[in-house]
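Colleague: Pasting in a structure now, in structure tokens, and then I'll have a few things to ask.
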Amino acid sequence: MNLSAVPVAANLPDLSRVPAVDEVGVNERVARFQSRSIKTASKVEALKLILSMIDLTTLEGQDTPGKVRQLSQKAIHLHDAMPGLPHVAAVCVYPTMVGVAKEALGNRDINVASVATAFPSGQAPLSVKLDDTRMAVDAGASEIDMVISRGAFLAGNYELVFDEIVAIKEACGDAHLKVILETGELGTLDRVRQASELAMRAGADFIKTSTGKIQPAATMQVTLVMLQAIRDYYYATGRMVGMKPAGGISKAKLAVHYLVMLRETLGSAWMTPEWFRFGASSLANDVLMQLRKQATGVYQSADYFSKD
Amino acid sequence: MAPDNKLAFDDGWQYSPAPESTDHIKLKKKYELYIGGEFVAPVEGKYFDTINPANEEKLSKVGLASTADVDKAVKAARKAFGAWSRLKAAERGKYIYRIARILQERSREFAAIESLDGGKPIRESRDIDVPLAAAHFFYYAGWADKLEYAFPGRNVKPLGVAGQVIPWNFPLLMASWKIAPALACGNTIILKPAETTPLTAMKLAEVVADAGLPPGVVNIITGAGDTGAAIVNHPGVDKIAFTGSTDVGRIIQKALAGTDKKYTLELGGKAANIIFADAAIDQAVEGIVNGIFFNQGHVCCAGSRLLVQESVAEAVIQKLKDRMETLIVGDPLDKNTDIGAINSAAQLKSIESYLAIGQEEGGEMFQSSCSVPDQGYWCRPTIFTGVSQSNRVVQEEIFGPVLAIQTFRTFDEAVSKANNTPYGLSGGIWTDKGAKIFKMTQSIRAGVIWANTFNKFDPTSPFGGYKESGVGREGGMHGLDAYLKLEA
């Protein structure tokens, strides 16, 4: 498998050539993933994998350095009462909080991800978005979660959306770029598929469903369409692109079904935090509760698990 | 497409076994014939074994009905017919509703036995076979007191005694397709399940008894081809309903020629699943999988011929191969199994002979790389590319998880290839253009055509074939016609 990032000629793809998506068929396929029965050893393995794929997130107007420090501690100490747990993949915050998170995490192997580009609406000039991005990268973010300009995309101004992603990618430098499509605003699965193709061709390292600020956020249907776009892009170019569903995944059982979908769509190479993330704030504790239940046979009160 | 790029599905995280419990299943050592409301030993005292095709172990034995037993059953059905046909229609409906409800209540038991005896995955027997069987009883129960509204201006009368012979691919579902409309129309019944899958039919006999149906209204007897022939040839039978192979269908039609028995025959198929370049390709691939690998391909309306437009053929086949690698073949009782056991040793032998024929004819065979158990009858999902209309794997019904793939260039070529078969049971069309769907459905001679989906069944929808795929319709309002005399 070719893991190196192949440079791609940054040309806007012909979106009319992107395959159509049939929503009824997508729903049926998702139902098949959900009918998989994941028990015993495979469940424990999945739950641990999920923990390691979480981007522990706080994106609130009321965020303070204190809150971000606490979240960073949670990222390091998920549930120390259970030895042998992995840590999460990253802490995801606003650009102004990147420095705080970076300091709180120290030199541990946990990334700091920052939303940028006038998150969540993306309604700002490119110069502002570029400054936003550079600021986050300079403060130590190794992953940037940008939003696309949905207004421009829906208006058919694909060049603008494409060029913005290319410019932000350049501003990221060595930081990984996750491109948020905000699928809840795109209207149809056909448009999700087209936006995925556009973002990958523009250089996205990851494509991501949602900001978490718009309903619906991540769904299995939308994620499946994006995974299939990633597969087709991989076959066409040899470049692997990562996937991050975000928002609305708060239960372990649902997250396990996402892993089933990932496994049966892209295979084992994508089943690592390097290529798949969950953007979530409350998922970790439900996963911990399930792991505890697998180990002891009984559910514990939510009060035994630290909220942040 | 870069040929060195490959997705890996065989390593990393795997699903642990998730077997459906069989603790609640109680199988008797021996099942008698159900005649005249009682479980009675066969006259000649002969029995035959029924085995689990997934491990070749004996599950039970069932009575071998002889001509004398068939005669007893016909007499019992004839005796019951008078009172049953004169019963107030709403009361008849109540009995049928009761069967439907008991089936629902015992659905876990029926699903597990269906998978044990027939080899189909529990996911299908649990989610499709058993719920759909109950749905057929519910649907036709509703018609029992509304028959005159189905045929306005006509006087409707039951036919009498119906002889029903069903296949091994959907044992309980086919029994419900046959029994429900016949009862709703006021007929009495002799039903014979296939010799490799008699158990759910005998369990259904218990349900019929529990539902309190008058003795002789439903008789269920077990046996092989000779027993079926005895039912078909019995002069006391007024109607024959058969689902099975076209070869046996021909024999039945010959036997019935010159008699005044009514008949419906649901026979073989070699359906074309047609993928146009403008289709939603990923969903179409799912439809191909559902079309040919559902129930191990033991489906008369299976999409066993894939016709794919040349410009997307390479992409479709690549995606299909990836998808095949994720199909789980194995223990039918495991909730994660996608493809179960082939129904019998004889059927496996027949499928394997076609695999050899396909390769001799020059077809390129691809099978998924999964392992299969040592014991039992198994066939990995298989596709043939590079085959032609003149090849036997394209022309003949294989009745297994084997897909023959051909390409086409134009709409007219697709129609011509799709119709170039003695069969005409079903077909599938995949396109994003509505107009193309309507043009296609009017051009293809097949009883059922699915658009952007495949293998969907509903009791309200009629089902049946053109050409050598059969005579008559089952299901829906049309299915009543087969069990009624319509008088002016």
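Convention: chains lettered A, B, ... in structure tokens order; per-chain residue numbering from 1; ligands numbered from 1 as shown.
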Please identify all residues of chain B having at least one atom at most 8 Å from any atom of chain A, considering only C-alpha atoms, and return them as a PyMOL selection string.

Modeller: chain B and resi 1-2+5-18+278-283+286+323+326+335-336+432+452-453

Colleague: Smallest atom-to-atom distance to Lys456 in chain B: which of B:Asp331, B:Ile275, B:Ile128, B:Ser416, using only C-alpha atoms?

Modeller: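 Of B:Asp331, B:Ile275, B:Ile128, B:Ser416, the one nearest Lys456 in chain B, counting only C-alpha atoms, is B:Ile128.
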
Colleague: Could you pull the residues within 12 Å of Leu87 in chain B, counting only C-alpha atoms, minus those fewer than 4 positions along the same chain, as a list of chain:residue names?

Modeller: B:Ala80, B:Phe81, B:Gly82, B:Ala83, B:Glu91, B:Arg92, B:Gly93, B:Lys94, B:Tyr95, B:Ala144, B:Asp145, B:Pro158, B:Leu183, B:Ala184, B:Cys185, B:Gly186, B:Asn187, B:Leu213, B:Pro214, B:Val217

Colleague: Excluding same-chain residues fewer than 6 positions from Arg126 in chain B, what lies within 9 Å of it counting only C-alpha atoms, as a list of chain:residue names?

Modeller: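 What passes the distance filter is B:Ser107, B:Arg108, B:Phe110, B:Ala111, B:Ala112.
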
Colleague: Excluding Pro181 in chain B and residues on its chain fewer than 6 positions from it, collect all residues at most 10 Å away from it, counting only C-alpha atoms, and give them as a PyMOL selection string.

Modeller: chain B and resi 96+136-137+139-141+143-144+187+474-477+479-484

Colleague: From a backbone DSSP assignment, name each residue in range 50-145 of chain A labelled alpha helix (DSSP H), as a ChimeraX atom specification.

Modeller: /A:50-52,65-76,98-105,126-138

Colleague: Using only C-alpha atoms, which residues sit within 7 Å of Ala224 in chain B once same-chain residues fewer than 4 positions away are excluded, as a list in words?

Modeller: Ala194, Glu195 and Gly228 of chain B

Colleague: Export, as a PDB file, in the first residue's frame, the selected residues with C-alpha atoms.

Modeller:
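Generated output (part33.pdb):
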```
ATOM      1  CA  ALA B 194     -39.391 -30.327  -0.448  1.00  0.00           C
ATOM      2  CA  GLU B 195     -37.603 -33.433   0.830  1.00  0.00           C
ATOM      3  CA  GLY B 228     -45.515 -34.873  -5.398  1.00  0.00           C
TER       4      GLY B 228
END
```

Colleague: As a PDB file with N, CA and C atoms, in the first residue's frame, please: the residues near Thr223 in chain A (cut-off 10 Å, only C-alpha atoms, same-chain neighbours under 4 positions excluded).

Modeller:
```
ATOM      1  N   VAL A  30     -26.501   0.929   4.981  1.00  0.00           N
ATOM      2  CA  VAL A  30     -26.253   1.317   6.370  1.00  0.00           C
ATOM      3  C   VAL A  30     -26.977   0.357   7.322  1.00  0.00           C
ATOM      4  N   THR A 183     -22.074  18.713   5.898  1.00  0.00           N
ATOM      5  CA  THR A 183     -23.019  17.973   5.049  1.00  0.00           C
ATOM      6  C   THR A 183     -24.473  18.301   5.355  1.00  0.00           C
ATOM      7  N   LEU A 189     -27.185  13.702  -0.869  1.00  0.00           N
ATOM      8  CA  LEU A 189     -25.986  12.859  -0.850  1.00  0.00           C
ATOM      9  C   LEU A 189     -25.163  13.038  -2.123  1.00  0.00           C
ATOM     10  N   VAL A 192     -22.906  15.778  -1.379  1.00  0.00           N
ATOM     11  CA  VAL A 192     -21.867  15.346  -0.437  1.00  0.00           C
ATOM     12  C   VAL A 192     -20.736  14.659  -1.204  1.00  0.00           C
ATOM     13  N   ARG A 193     -21.144  13.805  -2.130  1.00  0.00           N
ATOM     14  CA  ARG A 193     -20.163  13.075  -2.911  1.00  0.00           C
ATOM     15  C   ARG A 193     -19.308  14.037  -3.761  1.00  0.00           C
ATOM     16  N   ILE A 207     -11.249  14.288   5.081  1.00  0.00           N
ATOM     17  CA  ILE A 207     -12.522  14.991   4.892  1.00  0.00           C
ATOM     18  C   ILE A 207     -13.397  14.703   6.098  1.00  0.00           C
ATOM     19  N   LYS A 208     -14.156  15.706   6.500  1.00  0.00           N
ATOM     20  CA  LYS A 208     -14.894  15.667   7.758  1.00  0.00           C
ATOM     21  C   LYS A 208     -16.329  16.087   7.502  1.00  0.00           C
ATOM     22  N   THR A 209     -17.272  15.445   8.194  1.00  0.00           N
ATOM     23  CA  THR A 209     -18.685  15.699   7.888  1.00  0.00           C
ATOM     24  C   THR A 209     -19.152  17.075   8.318  1.00  0.00           C
ATOM     25  N   ALA A 218     -22.996  14.428  11.781  1.00  0.00           N
ATOM     26  CA  ALA A 218     -22.584  13.184  11.136  1.00  0.00           C
ATOM     27  C   ALA A 218     -23.717  12.167  11.151  1.00  0.00           C
ATOM     28  N   THR A 219     -23.924  11.495  10.016  1.00  0.00           N
ATOM     29  CA  THR A 219     -24.802  10.332   9.967  1.00  0.00           C
ATOM     30  C   THR A 219     -24.013   9.218   9.290  1.00  0.00           C
ATOM     31  N   LEU A 227     -16.836   7.850   2.501  1.00  0.00           N
ATOM     32  CA  LEU A 227     -15.867   6.745   2.466  1.00  0.00           C
ATOM     33  C   LEU A 227     -15.757   6.175   1.051  1.00  0.00           C
ATOM     34  N   GLN A 228     -16.898   6.092   0.367  1.00  0.00           N
ATOM     35  CA  GLN A 228     -16.860   5.570  -1.010  1.00  0.00           C
ATOM     36  C   GLN A 228     -16.131   6.547  -1.932  1.00  0.00           C
ATOM     37  N   ALA A 229     -16.268   7.837  -1.660  1.00  0.00           N
ATOM     38  CA  ALA A 229     -15.526   8.832  -2.448  1.00  0.00           C
ATOM     39  C   ALA A 229     -14.023   8.684  -2.193  1.00  0.00           C
ATOM     40  N   MET A 243     -10.788  10.080   7.137  1.00  0.00           N
ATOM     41  CA  MET A 243     -12.212  10.408   7.297  1.00  0.00           C
ATOM     42  C   MET A 243     -12.512  10.737   8.747  1.00  0.00           C
ATOM     43  N   LYS A 244     -13.297  11.813   8.950  1.00  0.00           N
ATOM     44  CA  LYS A 244     -13.690  12.179  10.311  1.00  0.00           C
ATOM     45  C   LYS A 244     -15.166  12.541  10.376  1.00  0.00           C
ATOM     46  N   PRO A 245     -16.008  11.610  10.835  1.00  0.00           N
ATOM     47  CA  PRO A 245     -17.376  11.991  11.160  1.00  0.00           C
ATOM     48  C   PRO A 245     -17.364  12.755  12.472  1.00  0.00           C
ATOM     49  N   ALA A 246     -18.141  13.823  12.570  1.00  0.00           N
ATOM     50  CA  ALA A 246     -18.117  14.646  13.775  1.00  0.00           C
ATOM     51  C   ALA A 246     -19.516  15.149  14.103  1.00  0.00           C
ATOM     52  N   TYR A 258     -19.928   2.425  13.001  1.00  0.00           N
ATOM     53  CA  TYR A 258     -19.071   3.201  12.092  1.00  0.00           C
ATOM     54  C   TYR A 258     -17.820   2.403  11.738  1.00  0.00           C
ATOM     55  N   MET A 261     -18.610  -0.179   9.219  1.00  0.00           N
ATOM     56  CA  MET A 261     -18.736   0.463   7.909  1.00  0.00           C
ATOM     57  C   MET A 261     -17.362   0.785   7.315  1.00  0.00           C
ATOM     58  N   LEU A 262     -16.474   1.263   8.154  1.00  0.00           N
ATOM     59  CA  LEU A 262     -15.117   1.588   7.700  1.00  0.00           C
ATOM     60  C   LEU A 262     -14.404   0.324   7.217  1.00  0.00           C
TER      61      LEU A 262
END
```

Colleague: Which distance in Å separates CA of Pro167 in chain B and CA of Leu307 in chain B, to one decimal?

Modeller: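 CA of Pro167 in chain B sits 28.0 Å away from CA of Leu307 in chain B.
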
Colleague: Pull the closest atom pair for each residue of range 326-436 of chain B that gets at most 7 Å from range 42-61 of chain B, along with the distance in Å to one decimal, counting only C-alpha atoms, ordering rows by chain and then ascending residue number, as a tab-separated table.

Modeller:
```
residue	atom	partner	partner_atom	distance
B:Asp331	CA	B:Ala54	CA	6.6
B:Ala341	CA	B:Ala54	CA	5.3
B:Ile342	CA	B:Pro53	CA	6.8
B:Asn343	CA	B:Pro53	CA	5.8
B:Ser344	CA	B:Pro53	CA	6.0
B:Gln375	CA	B:Asn55	CA	5.1
B:Gly376	CA	B:Asn55	CA	4.3
B:Tyr377	CA	B:Pro53	CA	6.0
```

Colleague: Name the residues of range 274-430 of chain B that come out as strand (DSSP E) in a backbone DSSP run; write them as a VMD selection string.

Modeller: chain B and resid 274 to 275 305 to 309 364 to 367 382 to 385 402 to 408 426 to 430

Colleague: Would you output that residue set with N, CA and C atoms, as a PDB file, in the first residue's frame?

Modeller:
```
ATOM      1  N   ILE B 274     -29.455  -5.086 -15.085  1.00  0.00           N
ATOM      2  CA  ILE B 274     -28.867  -4.215 -16.107  1.00  0.00           C
ATOM      3  C   ILE B 274     -28.376  -2.907 -15.477  1.00  0.00           C
ATOM      4  N   ILE B 275     -27.071  -2.655 -15.594  1.00  0.00           N
ATOM      5  CA  ILE B 275     -26.495  -1.450 -14.993  1.00  0.00           C
ATOM      6  C   ILE B 275     -26.104  -0.468 -16.094  1.00  0.00           C
ATOM      7  N   ARG B 305     -27.694 -12.925 -14.281  1.00  0.00           N
ATOM      8  CA  ARG B 305     -26.921 -12.367 -15.403  1.00  0.00           C
ATOM      9  C   ARG B 305     -26.736 -10.884 -15.151  1.00  0.00           C
ATOM     10  N   LEU B 306     -25.500 -10.447 -15.143  1.00  0.00           N
ATOM     11  CA  LEU B 306     -25.248  -9.014 -15.005  1.00  0.00           C
ATOM     12  C   LEU B 306     -24.931  -8.446 -16.382  1.00  0.00           C
ATOM     13  N   LEU B 307     -25.719  -7.450 -16.780  1.00  0.00           N
ATOM     14  CA  LEU B 307     -25.422  -6.732 -18.020  1.00  0.00           C
ATOM     15  C   LEU B 307     -24.984  -5.334 -17.615  1.00  0.00           C
ATOM     16  N   VAL B 308     -23.734  -4.992 -17.919  1.00  0.00           N
ATOM     17  CA  VAL B 308     -23.219  -3.702 -17.468  1.00  0.00           C
ATOM     18  C   VAL B 308     -22.692  -2.920 -18.664  1.00  0.00           C
ATOM     19  N   GLN B 309     -23.032  -1.649 -18.708  1.00  0.00           N
ATOM     20  CA  GLN B 309     -22.623  -0.815 -19.843  1.00  0.00           C
ATOM     21  C   GLN B 309     -21.098  -0.727 -19.874  1.00  0.00           C
ATOM     22  N   GLU B 364     -13.682 -16.242 -17.402  1.00  0.00           N
ATOM     23  CA  GLU B 364     -12.695 -16.033 -16.342  1.00  0.00           C
ATOM     24  C   GLU B 364     -13.428 -16.034 -15.010  1.00  0.00           C
ATOM     25  N   MET B 365     -13.035 -16.980 -14.126  1.00  0.00           N
ATOM     26  CA  MET B 365     -13.763 -17.145 -12.873  1.00  0.00           C
ATOM     27  C   MET B 365     -13.040 -16.421 -11.743  1.00  0.00           C
ATOM     28  N   PHE B 366     -13.809 -15.674 -10.954  1.00  0.00           N
ATOM     29  CA  PHE B 366     -13.269 -15.053  -9.745  1.00  0.00           C
ATOM     30  C   PHE B 366     -14.138 -15.486  -8.574  1.00  0.00           C
ATOM     31  N   GLN B 367     -13.463 -15.975  -7.506  1.00  0.00           N
ATOM     32  CA  GLN B 367     -14.186 -16.301  -6.277  1.00  0.00           C
ATOM     33  C   GLN B 367     -13.571 -15.510  -5.136  1.00  0.00           C
ATOM     34  N   THR B 382     -19.147 -16.357  -6.514  1.00  0.00           N
ATOM     35  CA  THR B 382     -18.401 -16.547  -7.761  1.00  0.00           C
ATOM     36  C   THR B 382     -18.933 -15.641  -8.858  1.00  0.00           C
ATOM     37  N   ILE B 383     -18.003 -15.056  -9.632  1.00  0.00           N
ATOM     38  CA  ILE B 383     -18.436 -14.348 -10.849  1.00  0.00           C
ATOM     39  C   ILE B 383     -17.631 -14.859 -12.047  1.00  0.00           C
ATOM     40  N   PHE B 384     -18.291 -14.847 -13.196  1.00  0.00           N
ATOM     41  CA  PHE B 384     -17.628 -15.158 -14.458  1.00  0.00           C
ATOM     42  C   PHE B 384     -17.620 -13.907 -15.322  1.00  0.00           C
ATOM     43  N   THR B 385     -16.438 -13.484 -15.740  1.00  0.00           N
ATOM     44  CA  THR B 385     -16.363 -12.419 -16.736  1.00  0.00           C
ATOM     45  C   THR B 385     -15.914 -13.027 -18.057  1.00  0.00           C
ATOM     46  N   VAL B 402     -23.556 -17.805  -8.287  1.00  0.00           N
ATOM     47  CA  VAL B 402     -22.698 -17.713  -9.472  1.00  0.00           C
ATOM     48  C   VAL B 402     -23.285 -16.694 -10.443  1.00  0.00           C
ATOM     49  N   LEU B 403     -22.504 -15.668 -10.746  1.00  0.00           N
ATOM     50  CA  LEU B 403     -22.978 -14.574 -11.587  1.00  0.00           C
ATOM     51  C   LEU B 403     -22.221 -14.566 -12.907  1.00  0.00           C
ATOM     52  N   ALA B 404     -22.964 -14.477 -14.004  1.00  0.00           N
ATOM     53  CA  ALA B 404     -22.341 -14.360 -15.326  1.00  0.00           C
ATOM     54  C   ALA B 404     -22.403 -12.901 -15.761  1.00  0.00           C
ATOM     55  N   ILE B 405     -21.249 -12.313 -16.079  1.00  0.00           N
ATOM     56  CA  ILE B 405     -21.196 -10.883 -16.392  1.00  0.00           C
ATOM     57  C   ILE B 405     -20.915 -10.656 -17.869  1.00  0.00           C
ATOM     58  N   GLN B 406     -21.787  -9.872 -18.494  1.00  0.00           N
ATOM     59  CA  GLN B 406     -21.583  -9.470 -19.879  1.00  0.00           C
ATOM     60  C   GLN B 406     -21.662  -7.945 -19.958  1.00  0.00           C
ATOM     61  N   THR B 407     -21.104  -7.390 -21.017  1.00  0.00           N
ATOM     62  CA  THR B 407     -21.210  -5.941 -21.195  1.00  0.00           C
ATOM     63  C   THR B 407     -22.129  -5.642 -22.371  1.00  0.00           C
ATOM     64  N   PHE B 408     -22.632  -4.399 -22.421  1.00  0.00           N
ATOM     65  CA  PHE B 408     -23.419  -3.948 -23.576  1.00  0.00           C
ATOM     66  C   PHE B 408     -23.036  -2.504 -23.875  1.00  0.00           C
ATOM     67  N   SER B 426     -37.916 -12.291 -13.833  1.00  0.00           N
ATOM     68  CA  SER B 426     -37.624 -11.009 -13.198  1.00  0.00           C
ATOM     69  C   SER B 426     -36.515 -10.278 -13.945  1.00  0.00           C
ATOM     70  N   GLY B 427     -36.253  -9.070 -13.496  1.00  0.00           N
ATOM     71  CA  GLY B 427     -35.177  -8.288 -14.083  1.00  0.00           C
ATOM     72  C   GLY B 427     -34.895  -7.090 -13.201  1.00  0.00           C
ATOM     73  N   GLY B 428     -33.730  -6.480 -13.424  1.00  0.00           N
ATOM     74  CA  GLY B 428     -33.376  -5.298 -12.639  1.00  0.00           C
ATOM     75  C   GLY B 428     -32.796  -4.227 -13.550  1.00  0.00           C
ATOM     76  N   ILE B 429     -33.112  -2.972 -13.255  1.00  0.00           N
ATOM     77  CA  ILE B 429     -32.594  -1.847 -14.032  1.00  0.00           C
ATOM     78  C   ILE B 429     -31.975  -0.840 -13.082  1.00  0.00           C
ATOM     79  N   TRP B 430     -30.795  -0.362 -13.418  1.00  0.00           N
ATOM     80  CA  TRP B 430     -30.116   0.624 -12.572  1.00  0.00           C
ATOM     81  C   TRP B 430     -29.749   1.817 -13.425  1.00  0.00           C
TER      82      TRP B 430
END
```

Colleague: Interatomic distance between CA of Gly225 in chain B and CA of Trp177 in chain B?

Modeller: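 CA of Gly225 in chain B sits 20.5 Å away from CA of Trp177 in chain B.
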
Colleague: Please determine, counting only C-alpha atoms, which residue among A:Leu186, A:Ala175, A:Leu78, A:Leu105 has the shortest atom-to-atom distance to Ala155 in chain A.

Modeller: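 Comparing A:Leu186, A:Ala175, A:Leu78, A:Leu105 against Ala155 in chain A, the winner is A:Leu186.
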
Colleague: Using CA of Ala133 in chain B and CA of Phe242 in chain B as the two end points, give the distance in Å to one decimal.

Modeller: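 Result for CA of Ala133 in chain B versus CA of Phe242 in chain B: 17.3 Å, one decimal.
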